[in-house]
Amino acid sequence: LDADSAPTRELFEATAREIERGDRVFVGAVVRLDADLGWSGNALLGLWNLASRCLRWMAGSFVAVDATAFRAVGGFDQALYAGEELDLSRRLKAFGRRDGRTYTILTRHPILSSARRLKLYRRTELLRFFAQATLRPFHTPRSKEACAMWYDGKR
């Protein structure tokens, strides 16, 4: 759980119900931001949530993972500066298929996350980063320089 995210009681309860089933390797949730980012920002968030639901990708702001499965796949890849939750989702899904377990992304109770970082940068800077990450998906997440907007100390 990111420090700047605010889960609701309902999200925790829904997560607990999924975990109690005993067949979940991970549980994630769609994201809602604490500020309106305008039509383009809201459209990008909508695309992320659609991708998260369809591809079963956990958002880094809310990750609930079975500890045994987490250890079995080696946890988060420490070489990644971005997208580590996507990589973890991919490896956990493969583990779950081999182990006869499944995974889910909750949609009824989104995780409320801070838009603070997104507001620190101009749209052009954000678009440049996301375009670079899309065009160079194997290089960008492994480059601290390419991911500088997340690590440059701007608060």
# chains A, B, ... in the order shown; residues from 1 in each chain; ligands from 1
$ residues_around --residues "Arg90 of chain A" --least-positions-apart "2" --cutoff "12 Å" --atoms "only C-alpha atoms" --output "PDB file with all heavy atoms, in the first residue's frame"
ATOM      1  N   VAL A  25      -3.898 -15.890  -5.774  1.00  0.00           N
ATOM      2  CA  VAL A  25      -2.467 -15.651  -5.655  1.00  0.00           C
ATOM      3  C   VAL A  25      -2.208 -14.158  -5.438  1.00  0.00           C
ATOM      4  O   VAL A  25      -1.255 -13.786  -4.773  1.00  0.00           O
ATOM      5  CB  VAL A  25      -1.709 -16.241  -6.870  1.00  0.00           C
ATOM      6  CG1 VAL A  25      -1.986 -15.482  -8.136  1.00  0.00           C
ATOM      7  CG2 VAL A  25      -0.247 -16.345  -6.614  1.00  0.00           C
ATOM      8  N   PHE A  26      -3.118 -13.307  -5.985  1.00  0.00           N
ATOM      9  CA  PHE A  26      -3.047 -11.884  -5.681  1.00  0.00           C
ATOM     10  C   PHE A  26      -4.405 -11.236  -5.870  1.00  0.00           C
ATOM     11  O   PHE A  26      -5.272 -11.742  -6.575  1.00  0.00           O
ATOM     12  CB  PHE A  26      -1.966 -11.147  -6.476  1.00  0.00           C
ATOM     13  CG  PHE A  26      -2.229 -10.918  -7.937  1.00  0.00           C
ATOM     14  CD1 PHE A  26      -3.144  -9.965  -8.380  1.00  0.00           C
ATOM     15  CD2 PHE A  26      -1.517 -11.633  -8.887  1.00  0.00           C
ATOM     16  CE1 PHE A  26      -3.359  -9.734  -9.725  1.00  0.00           C
ATOM     17  CE2 PHE A  26      -1.716 -11.400 -10.245  1.00  0.00           C
ATOM     18  CZ  PHE A  26      -2.642 -10.460 -10.663  1.00  0.00           C
ATOM     19  N   SER A  52      -5.888  -2.641 -16.447  1.00  0.00           N
ATOM     20  CA  SER A  52      -5.736  -3.368 -15.185  1.00  0.00           C
ATOM     21  C   SER A  52      -6.778  -4.478 -15.065  1.00  0.00           C
ATOM     22  O   SER A  52      -6.452  -5.609 -14.704  1.00  0.00           O
ATOM     23  CB  SER A  52      -5.852  -2.389 -14.011  1.00  0.00           C
ATOM     24  OG  SER A  52      -5.821  -3.070 -12.782  1.00  0.00           O
ATOM     25  N   LEU A  55      -6.219  -7.105 -18.268  1.00  0.00           N
ATOM     26  CA  LEU A  55      -4.954  -7.836 -18.254  1.00  0.00           C
ATOM     27  C   LEU A  55      -4.587  -8.361 -16.871  1.00  0.00           C
ATOM     28  O   LEU A  55      -3.577  -9.027 -16.717  1.00  0.00           O
ATOM     29  CB  LEU A  55      -3.839  -6.946 -18.801  1.00  0.00           C
ATOM     30  CG  LEU A  55      -4.056  -6.475 -20.246  1.00  0.00           C
ATOM     31  CD1 LEU A  55      -3.010  -5.445 -20.636  1.00  0.00           C
ATOM     32  CD2 LEU A  55      -4.053  -7.651 -21.204  1.00  0.00           C
ATOM     33  N   ARG A  56      -5.407  -8.021 -15.878  1.00  0.00           N
ATOM     34  CA  ARG A  56      -5.172  -8.430 -14.488  1.00  0.00           C
ATOM     35  C   ARG A  56      -3.803  -7.962 -14.019  1.00  0.00           C
ATOM     36  O   ARG A  56      -2.963  -8.728 -13.587  1.00  0.00           O
ATOM     37  CB  ARG A  56      -5.299  -9.947 -14.319  1.00  0.00           C
ATOM     38  CG  ARG A  56      -6.645 -10.512 -14.684  1.00  0.00           C
ATOM     39  CD  ARG A  56      -7.738 -10.009 -13.756  1.00  0.00           C
ATOM     40  NE  ARG A  56      -8.957 -10.760 -13.870  1.00  0.00           N
ATOM     41  CZ  ARG A  56     -10.031 -10.364 -14.563  1.00  0.00           C
ATOM     42  NH1 ARG A  56      -9.994  -9.227 -15.202  1.00  0.00           N
ATOM     43  NH2 ARG A  56     -11.101 -11.095 -14.603  1.00  0.00           N
ATOM     44  N   TRP A  57      -3.614  -6.638 -14.111  1.00  0.00           N
ATOM     45  CA  TRP A  57      -2.409  -6.001 -13.616  1.00  0.00           C
ATOM     46  C   TRP A  57      -2.735  -5.279 -12.326  1.00  0.00           C
ATOM     47  O   TRP A  57      -3.670  -4.491 -12.266  1.00  0.00           O
ATOM     48  CB  TRP A  57      -1.897  -4.959 -14.599  1.00  0.00           C
ATOM     49  CG  TRP A  57      -1.244  -5.485 -15.824  1.00  0.00           C
ATOM     50  CD1 TRP A  57      -0.733  -6.734 -16.045  1.00  0.00           C
ATOM     51  CD2 TRP A  57      -0.989  -4.746 -17.021  1.00  0.00           C
ATOM     52  NE1 TRP A  57      -0.203  -6.821 -17.293  1.00  0.00           N
ATOM     53  CE2 TRP A  57      -0.343  -5.606 -17.920  1.00  0.00           C
ATOM     54  CE3 TRP A  57      -1.261  -3.445 -17.410  1.00  0.00           C
ATOM     55  CZ2 TRP A  57       0.048  -5.209 -19.181  1.00  0.00           C
ATOM     56  CZ3 TRP A  57      -0.869  -3.057 -18.671  1.00  0.00           C
ATOM     57  CH2 TRP A  57      -0.213  -3.917 -19.546  1.00  0.00           C
ATOM     58  N   MET A  58      -1.949  -5.514 -11.291  1.00  0.00           N
ATOM     59  CA  MET A  58      -2.124  -4.785 -10.038  1.00  0.00           C
ATOM     60  C   MET A  58      -1.548  -3.378 -10.178  1.00  0.00           C
ATOM     61  O   MET A  58      -0.505  -3.192 -10.797  1.00  0.00           O
ATOM     62  CB  MET A  58      -1.384  -5.490  -8.897  1.00  0.00           C
ATOM     63  CG  MET A  58      -1.930  -6.824  -8.515  1.00  0.00           C
ATOM     64  SD  MET A  58      -0.978  -7.562  -7.155  1.00  0.00           S
ATOM     65  CE  MET A  58       0.524  -8.059  -8.005  1.00  0.00           C
ATOM     66  N   PHE A  70       4.601 -14.860  -3.426  1.00  0.00           N
ATOM     67  CA  PHE A  70       5.522 -13.734  -3.550  1.00  0.00           C
ATOM     68  C   PHE A  70       6.970 -14.215  -3.461  1.00  0.00           C
ATOM     69  O   PHE A  70       7.814 -13.869  -4.282  1.00  0.00           O
ATOM     70  CB  PHE A  70       5.217 -12.700  -2.464  1.00  0.00           C
ATOM     71  CG  PHE A  70       6.026 -11.435  -2.560  1.00  0.00           C
ATOM     72  CD1 PHE A  70       5.669 -10.438  -3.451  1.00  0.00           C
ATOM     73  CD2 PHE A  70       7.120 -11.234  -1.733  1.00  0.00           C
ATOM     74  CE1 PHE A  70       6.402  -9.259  -3.539  1.00  0.00           C
ATOM     75  CE2 PHE A  70       7.859 -10.067  -1.810  1.00  0.00           C
ATOM     76  CZ  PHE A  70       7.496  -9.074  -2.712  1.00  0.00           C
ATOM     77  N   VAL A  73       8.118 -16.486  -6.539  1.00  0.00           N
ATOM     78  CA  VAL A  73       8.466 -15.803  -7.800  1.00  0.00           C
ATOM     79  C   VAL A  73       9.608 -14.815  -7.629  1.00  0.00           C
ATOM     80  O   VAL A  73       9.991 -14.140  -8.568  1.00  0.00           O
ATOM     81  CB  VAL A  73       7.236 -15.106  -8.437  1.00  0.00           C
ATOM     82  CG1 VAL A  73       6.131 -16.117  -8.723  1.00  0.00           C
ATOM     83  CG2 VAL A  73       6.735 -13.948  -7.597  1.00  0.00           C
ATOM     84  N   GLY A  75       9.695 -12.129  -5.494  1.00  0.00           N
ATOM     85  CA  GLY A  75       9.305 -10.788  -5.070  1.00  0.00           C
ATOM     86  C   GLY A  75       9.441  -9.763  -6.184  1.00  0.00           C
ATOM     87  O   GLY A  75       9.432 -10.093  -7.368  1.00  0.00           O
ATOM     88  N   PHE A  76       9.557  -8.508  -5.781  1.00  0.00           N
ATOM     89  CA  PHE A  76       9.722  -7.428  -6.757  1.00  0.00           C
ATOM     90  C   PHE A  76      11.111  -7.501  -7.383  1.00  0.00           C
ATOM     91  O   PHE A  76      12.087  -7.791  -6.702  1.00  0.00           O
ATOM     92  CB  PHE A  76       9.546  -6.059  -6.091  1.00  0.00           C
ATOM     93  CG  PHE A  76       8.130  -5.727  -5.749  1.00  0.00           C
ATOM     94  CD1 PHE A  76       7.706  -5.705  -4.428  1.00  0.00           C
ATOM     95  CD2 PHE A  76       7.204  -5.432  -6.748  1.00  0.00           C
ATOM     96  CE1 PHE A  76       6.393  -5.387  -4.106  1.00  0.00           C
ATOM     97  CE2 PHE A  76       5.896  -5.119  -6.443  1.00  0.00           C
ATOM     98  CZ  PHE A  76       5.491  -5.093  -5.120  1.00  0.00           C
ATOM     99  N   ASP A  77      11.187  -7.218  -8.663  1.00  0.00           N
ATOM    100  CA  ASP A  77      12.466  -7.174  -9.366  1.00  0.00           C
ATOM    101  C   ASP A  77      13.166  -5.869  -8.994  1.00  0.00           C
ATOM    102  O   ASP A  77      12.728  -4.789  -9.386  1.00  0.00           O
ATOM    103  CB  ASP A  77      12.220  -7.265 -10.875  1.00  0.00           C
ATOM    104  CG  ASP A  77      13.506  -7.312 -11.680  1.00  0.00           C
ATOM    105  OD1 ASP A  77      14.585  -6.954 -11.156  1.00  0.00           O
ATOM    106  OD2 ASP A  77      13.434  -7.703 -12.858  1.00  0.00           O
ATOM    107  N   GLY A  83       7.133   0.126 -13.131  1.00  0.00           N
ATOM    108  CA  GLY A  83       6.444  -1.041 -13.650  1.00  0.00           C
ATOM    109  C   GLY A  83       6.700  -2.332 -12.899  1.00  0.00           C
ATOM    110  O   GLY A  83       6.344  -3.410 -13.364  1.00  0.00           O
ATOM    111  N   GLU A  84       7.289  -2.226 -11.709  1.00  0.00           N
ATOM    112  CA  GLU A  84       7.595  -3.454 -10.966  1.00  0.00           C
ATOM    113  C   GLU A  84       6.337  -4.233 -10.601  1.00  0.00           C
ATOM    114  O   GLU A  84       6.353  -5.455 -10.518  1.00  0.00           O
ATOM    115  CB  GLU A  84       8.441  -3.159  -9.721  1.00  0.00           C
ATOM    116  CG  GLU A  84       7.807  -2.255  -8.699  1.00  0.00           C
ATOM    117  CD  GLU A  84       7.950  -0.763  -8.973  1.00  0.00           C
ATOM    118  OE1 GLU A  84       8.403  -0.369 -10.045  1.00  0.00           O
ATOM    119  OE2 GLU A  84       7.589   0.004  -8.070  1.00  0.00           O
ATOM    120  N   GLU A  85       5.198  -3.523 -10.425  1.00  0.00           N
ATOM    121  CA  GLU A  85       3.960  -4.221 -10.119  1.00  0.00           C
ATOM    122  C   GLU A  85       3.414  -4.970 -11.332  1.00  0.00           C
ATOM    123  O   GLU A  85       2.762  -6.010 -11.195  1.00  0.00           O
ATOM    124  CB  GLU A  85       2.911  -3.263  -9.544  1.00  0.00           C
ATOM    125  CG  GLU A  85       2.309  -2.298 -10.541  1.00  0.00           C
ATOM    126  CD  GLU A  85       3.154  -1.062 -10.818  1.00  0.00           C
ATOM    127  OE1 GLU A  85       4.343  -1.027 -10.475  1.00  0.00           O
ATOM    128  OE2 GLU A  85       2.598  -0.118 -11.398  1.00  0.00           O
ATOM    129  N   LEU A  86       3.690  -4.464 -12.537  1.00  0.00           N
ATOM    130  CA  LEU A  86       3.269  -5.152 -13.757  1.00  0.00           C
ATOM    131  C   LEU A  86       4.080  -6.425 -13.949  1.00  0.00           C
ATOM    132  O   LEU A  86       3.544  -7.482 -14.281  1.00  0.00           O
ATOM    133  CB  LEU A  86       3.409  -4.239 -14.971  1.00  0.00           C
ATOM    134  CG  LEU A  86       2.715  -2.884 -14.882  1.00  0.00           C
ATOM    135  CD1 LEU A  86       2.911  -2.097 -16.160  1.00  0.00           C
ATOM    136  CD2 LEU A  86       1.259  -3.045 -14.545  1.00  0.00           C
ATOM    137  N   ASP A  87       5.378  -6.315 -13.731  1.00  0.00           N
ATOM    138  CA  ASP A  87       6.249  -7.485 -13.798  1.00  0.00           C
ATOM    139  C   ASP A  87       5.840  -8.525 -12.758  1.00  0.00           C
ATOM    140  O   ASP A  87       5.747  -9.719 -13.062  1.00  0.00           O
ATOM    141  CB  ASP A  87       7.707  -7.047 -13.582  1.00  0.00           C
ATOM    142  CG  ASP A  87       8.648  -8.223 -13.488  1.00  0.00           C
ATOM    143  OD1 ASP A  87       8.865  -8.893 -14.509  1.00  0.00           O
ATOM    144  OD2 ASP A  87       9.153  -8.483 -12.368  1.00  0.00           O
ATOM    145  N   LEU A  88       5.579  -8.075 -11.537  1.00  0.00           N
ATOM    146  CA  LEU A  88       5.152  -8.999 -10.487  1.00  0.00           C
ATOM    147  C   LEU A  88       3.816  -9.653 -10.850  1.00  0.00           C
ATOM    148  O   LEU A  88       3.644 -10.858 -10.672  1.00  0.00           O
ATOM    149  CB  LEU A  88       5.041  -8.280  -9.140  1.00  0.00           C
ATOM    150  CG  LEU A  88       4.631  -9.144  -7.954  1.00  0.00           C
ATOM    151  CD1 LEU A  88       5.657 -10.240  -7.669  1.00  0.00           C
ATOM    152  CD2 LEU A  88       4.416  -8.280  -6.717  1.00  0.00           C
ATOM    153  N   LEU A  92       3.306 -13.635 -11.137  1.00  0.00           N
ATOM    154  CA  LEU A  92       2.339 -14.271 -10.233  1.00  0.00           C
ATOM    155  C   LEU A  92       1.223 -14.975 -11.005  1.00  0.00           C
ATOM    156  O   LEU A  92       0.753 -16.033 -10.580  1.00  0.00           O
ATOM    157  CB  LEU A  92       1.750 -13.237  -9.274  1.00  0.00           C
ATOM    158  CG  LEU A  92       2.661 -12.805  -8.140  1.00  0.00           C
ATOM    159  CD1 LEU A  92       2.084 -11.590  -7.424  1.00  0.00           C
ATOM    160  CD2 LEU A  92       2.912 -13.947  -7.157  1.00  0.00           C
ATOM    161  N   LYS A  93       0.797 -14.399 -12.117  1.00  0.00           N
ATOM    162  CA  LYS A  93      -0.232 -15.062 -12.926  1.00  0.00           C
ATOM    163  C   LYS A  93       0.287 -16.399 -13.445  1.00  0.00           C
ATOM    164  O   LYS A  93      -0.425 -17.403 -13.398  1.00  0.00           O
ATOM    165  CB  LYS A  93      -0.686 -14.162 -14.079  1.00  0.00           C
ATOM    166  CG  LYS A  93      -1.515 -12.989 -13.607  1.00  0.00           C
ATOM    167  CD  LYS A  93      -2.156 -12.227 -14.742  1.00  0.00           C
ATOM    168  CE  LYS A  93      -1.176 -11.601 -15.670  1.00  0.00           C
ATOM    169  NZ  LYS A  93      -1.821 -10.777 -16.710  1.00  0.00           N
ATOM    170  N   ALA A  94       1.532 -16.426 -13.925  1.00  0.00           N
ATOM    171  CA  ALA A  94       2.132 -17.678 -14.401  1.00  0.00           C
ATOM    172  C   ALA A  94       2.239 -18.686 -13.256  1.00  0.00           C
ATOM    173  O   ALA A  94       1.912 -19.870 -13.416  1.00  0.00           O
ATOM    174  CB  ALA A  94       3.505 -17.409 -15.020  1.00  0.00           C
ATOM    175  N   PHE A  95       2.672 -18.219 -12.093  1.00  0.00           N
ATOM    176  CA  PHE A  95       2.751 -19.085 -10.916  1.00  0.00           C
ATOM    177  C   PHE A  95       1.367 -19.627 -10.564  1.00  0.00           C
ATOM    178  O   PHE A  95       1.208 -20.815 -10.291  1.00  0.00           O
ATOM    179  CB  PHE A  95       3.334 -18.304  -9.727  1.00  0.00           C
ATOM    180  CG  PHE A  95       3.353 -19.093  -8.453  1.00  0.00           C
ATOM    181  CD1 PHE A  95       4.403 -19.953  -8.169  1.00  0.00           C
ATOM    182  CD2 PHE A  95       2.314 -18.981  -7.533  1.00  0.00           C
ATOM    183  CE1 PHE A  95       4.423 -20.690  -6.988  1.00  0.00           C
ATOM    184  CE2 PHE A  95       2.320 -19.704  -6.360  1.00  0.00           C
ATOM    185  CZ  PHE A  95       3.385 -20.570  -6.085  1.00  0.00           C
ATOM    186  N   GLY A  96       0.361 -18.762 -10.565  1.00  0.00           N
ATOM    187  CA  GLY A  96      -0.996 -19.175 -10.229  1.00  0.00           C
ATOM    188  C   GLY A  96      -1.533 -20.224 -11.186  1.00  0.00           C
ATOM    189  O   GLY A  96      -2.189 -21.181 -10.758  1.00  0.00           O
ATOM    190  N   ARG A  97      -1.252 -20.064 -12.481  1.00  0.00           N
ATOM    191  CA  ARG A  97      -1.707 -21.066 -13.458  1.00  0.00           C
ATOM    192  C   ARG A  97      -1.074 -22.422 -13.161  1.00  0.00           C
ATOM    193  O   ARG A  97      -1.747 -23.452 -13.219  1.00  0.00           O
ATOM    194  CB  ARG A  97      -1.383 -20.608 -14.876  1.00  0.00           C
ATOM    195  CG  ARG A  97      -2.332 -19.530 -15.385  1.00  0.00           C
ATOM    196  CD  ARG A  97      -2.138 -19.245 -16.869  1.00  0.00           C
ATOM    197  NE  ARG A  97      -0.855 -18.643 -17.189  1.00  0.00           N
ATOM    198  CZ  ARG A  97      -0.614 -17.330 -17.151  1.00  0.00           C
ATOM    199  NH1 ARG A  97      -1.570 -16.486 -16.796  1.00  0.00           N
ATOM    200  NH2 ARG A  97       0.576 -16.864 -17.467  1.00  0.00           N
ATOM    201  N   TYR A 103      -6.461 -14.991  -9.665  1.00  0.00           N
ATOM    202  CA  TYR A 103      -6.149 -13.635  -9.220  1.00  0.00           C
ATOM    203  C   TYR A 103      -7.310 -12.758  -9.629  1.00  0.00           C
ATOM    204  O   TYR A 103      -8.108 -13.117 -10.486  1.00  0.00           O
ATOM    205  CB  TYR A 103      -4.846 -13.152  -9.862  1.00  0.00           C
ATOM    206  CG  TYR A 103      -4.647 -13.742 -11.240  1.00  0.00           C
ATOM    207  CD1 TYR A 103      -5.251 -13.174 -12.358  1.00  0.00           C
ATOM    208  CD2 TYR A 103      -3.912 -14.911 -11.410  1.00  0.00           C
ATOM    209  CE1 TYR A 103      -5.113 -13.738 -13.604  1.00  0.00           C
ATOM    210  CE2 TYR A 103      -3.775 -15.485 -12.658  1.00  0.00           C
ATOM    211  CZ  TYR A 103      -4.380 -14.890 -13.759  1.00  0.00           C
ATOM    212  OH  TYR A 103      -4.251 -15.457 -14.995  1.00  0.00           O
TER     213      TYR A 103
END
$ select_by_dssp --residues "chain A" --states "helix (DSSP H, G or I)" --output "number ranges by chain"
A: 9-20, 38-55, 67-72, 84-99, 116-120, 123-135, 140-142, 148-151
$ residues_around --residues "Ala79 of chain A" --least-positions-apart "4" --cutoff "9 Å" --atoms "only C-alpha atoms" --output "list of chain:residue names"
A:Glu84, A:Pro141, A:Arg142, A:Ser143
$ closest_residue --among "A:Ala59, A:Ala148, A:Cys54, A:Ala82" --to "Val27 of chain A" --atoms "only C-alpha atoms"
A:Ala59
$ residues_around --residues "segment 4-9 of chain A" --least-positions-apart "6" --cutoff "6 Å" --atoms "only C-alpha atoms" --output "number ranges by chain"
A: 111-114
$ write_last_selection --atoms "N, CA, C and O atoms" --output "tab-separated table (two decimals), in the first residue's frame"
chain	number	residue	atom	x	y	z
A	111	ILE	N	-8.99	1.96	-5.00
A	111	ILE	CA	-8.02	2.51	-4.07
A	111	ILE	C	-7.90	4.01	-4.41
A	111	ILE	O	-7.75	4.37	-5.58
A	112	LEU	N	-8.00	4.84	-3.43
A	112	LEU	CA	-7.86	6.28	-3.63
A	112	LEU	C	-6.37	6.62	-3.51
A	112	LEU	O	-5.77	6.41	-2.46
A	113	SER	N	-5.80	7.11	-4.60
A	113	SER	CA	-4.38	7.43	-4.63
A	113	SER	C	-4.17	8.92	-4.86
A	113	SER	O	-5.01	9.59	-5.44
A	114	SER	N	-3.03	9.39	-4.44
A	114	SER	CA	-2.69	10.79	-4.58
A	114	SER	C	-2.30	11.12	-6.02
A	114	SER	O	-1.56	10.37	-6.65
$ select_by_dssp --residues "segment 13-149 of chain A" --states "strand (DSSP E or B)" --output "ChimeraX atom specification"
/A:24-33,64-65,102-113
$ atom_distance --atom1 "atom CA of Ala146 of chain A" --atom2 "atom CA of Tyr81 of chain A"
8.9 Å
$ atom_distance --atom1 "atom CA of Arg128 of chain A" --atom2 "atom CA of Phe62 of chain A"
25.4 Å
$ atom_distance --atom1 "atom CA of Thr124 of chain A" --atom2 "atom CA of Gly28 of chain A"
29.3 Å
$ residues_around --residues "Arg116 of chain A" --least-positions-apart "3" --cutoff "12 Å" --atoms "only C-alpha atoms" --output "PyMOL selection string"
chain A and resi 4-5+33-37+113+119-121+150+154-155
